[in-house]
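Note sheet for the following structure.
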Amino acid sequence: MKNIVVQKFGGTSVADIEKMRHVADVIIQEKENGNDVVVVVSAMGHTTDHLVKLAHEINPHPSERELDMLLSTGECVSMSLLTMALQTKGYKAISYNAQQIGIITENVHTKARIIDIKTDKLRKSLDDGNIIVIAGFQGVTTEGEITTLGRGGSDTSAVAIASALGAERCDIYTDVEGVYTTDPRVVPNASRLEEISYEEMLELAHAGANVLHPRSVETAKQYKMPLRVRSTFKYNNKGTLILGVEDMEINKPVAGVAADLSQVRVVVCDIPDTPGEAAILFGSLAKENISVDMIIQSYARKVKNDIAFTISKEDLGKTQEILQRVKEQLGAGDVSFDDNIAKISIIGAGMIDRPGIASTMFKTLADSGINIRMISTSEIKISCLINKEDAQKAVKALHEVFNLGCDEIAEVKGTLPDV
Ligand code: ADP
Ligand code: ASP
Ligand code: MG
């Protein structure tokens, strides 16, 4: 039996027909190496952003079911075109969407989790000599409803499919040469990491380094799937290997810096200081599948508390509705929302038991004239909430103070993200 290799190509890698032809050559090279190849593909270029925009033009609050119906089409376009490119080059290839395979997710729209992947059809198609091209980002519920996995979710599709098939490895092809110490678009002399642990990568991804979807790293860790991020445009580049921490030597306290500009800070004022209030507040959000990130509760004065927390921008509308209702139940005062914020994080397994890392971070921000509005920490991460306009300055200063740069300038393809 041949080894199976899963390759995932992101939006910039298949942005136009010329790039698709190039991607077909990368796939063919893997096939010619003697492997069975399963490809997962994202929507072309900025297709998903464009579809989101259209949806909001026609309805400022589109239903999540219809959003999933709409957004899932982007990946279907690229999977068929890429399959045609492979066939034109003389290779046997077939495309499948999530429904055809049985990529089963929970019954949640816009951020569903995969619960099962059927492999019968995939194995049969591989046995028939096909290269398989699968639409990423999408799933189907047991009732046949179309779902999507959240923005950037094709990475998770790829790792989950690789795990279900027992693939030898999963390669995530993108527009940079691997995982860097920070976004190379912000700090051009950021260093490419040869390797990084699942744990650090998970924190980096959650902190806003969108080179990998956080759940793809979670799944890779769970199934011990070797994961590599590498460049579509540079043949045989080594990229970055994401692997178990026991295999690594840790010498720097900080492995990377990340910025997340997609959060909103919510403050609920004057909540009565009695047991159960926080449970009601966060329980009502959890029931609607809204994830909360940083949380701070102020010291209670005059038997009232303020609670501040952050949510994803995508959940703002739903959160506003819920809090309107729950505010009464809590007997709370004003509720305010602020999207002029950025979460800046430093991540590194090497910071465990090494004092002074947090104070260096705070001092560096202070020296740059940046005010810290919230702080949260985990064992291997420190995050500060700051004003959005200070984000790039903060990332550059922290990257510098923790000595993460190198002499080379990273090559980045594609267009700059909207910041
Ligand atoms: P794709 O379309 O291939 O899924 P993404 O845009 O989702 O690509 O992810 C790649 C981008 O992630 C890069 O172009 C880079 O700007 C950004 N990025 C952010 N943080 C990092 C990091 N630490 N290392 C590498 N890339 C990063
Ligand atoms: N096309 C989807 C997005 O833009 C999924 C992905 O690219 O991974 O978010
Ligand atoms: Mg991506």
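Just remember, in the structure tokens the first chain shown is A, the second B, etc., residues are 1-based per chain, and ligands are 1-based in the order shown.
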
Spatial neighbours of segment 345-352 of chain A, 7 Å, only C-alpha atoms, chain gap at least 4 places, as JSON, numbers by chain: {"A": [200, 203, 204, 207, 250, 251, 252, 253, 254, 255, 256, 257, 258, 259, 357, 379, 380, 381, 382, 383, 384]}

Surrounding residues of segment 306-315 of chain A excluding itself and chain neighbours under 2 positions, 8 Å, only C-alpha atoms, as a PyMOL selection string: chain A and resi 262-271+290-298+300+304+317-319+339

Surroundings of ligand 2 up to 9 Å, based on only C-alpha atoms and all ligand atoms, as number ranges by chain: A: 9-12, 41-49, 71-72, 74-75, 136-138, 148-157, 212-213

Residues within 6 Å of ligand 1, counting only C-alpha atoms and all ligand atoms, as an NGL selection string: :A and (10-12 or 152 or 174-176 or 178-183 or 185 or 209-211)

Which of segment 155-318 of chain A DSSP labels strand (DSSP E or B), written as an MDAnalysis selection string: chainID A and resid 169:174 180 190 192 195:197 227:231 240:243 256:260 263:272 292:297 301 304:312

Alpha helix (DSSP H) residues, from DSSP on the backbone, in segment 272-394 of chain A, as a count of residues only: 41

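The nearest approach to Gly405 of chain A among the residues A:Ala167, A:Ala342, A:Val187, A:Ala391, with only C-alpha atoms taken into account, belongs to A:Val187.
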
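Across the model, the gap from atom 1 (Mg, counted along the ligand's line) of ligand 3 to atom CA of Tyr96 of chain A is 20.2 Å.
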
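Atom CA of Ser80 of chain A to atom CA of Ser95 of chain A spans 6.1 Å [interatomic distance, one decimal].
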
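In this structure, atom CA of Ile114 of chain A sits 17.4 Å away from atom CA of Glu64 of chain A.
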
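Proximity of A:Val159, A:Ala278, A:Ala190, A:Ile104 to Ala220 of chain A, computed with only C-alpha atoms, is greatest for A:Val159.
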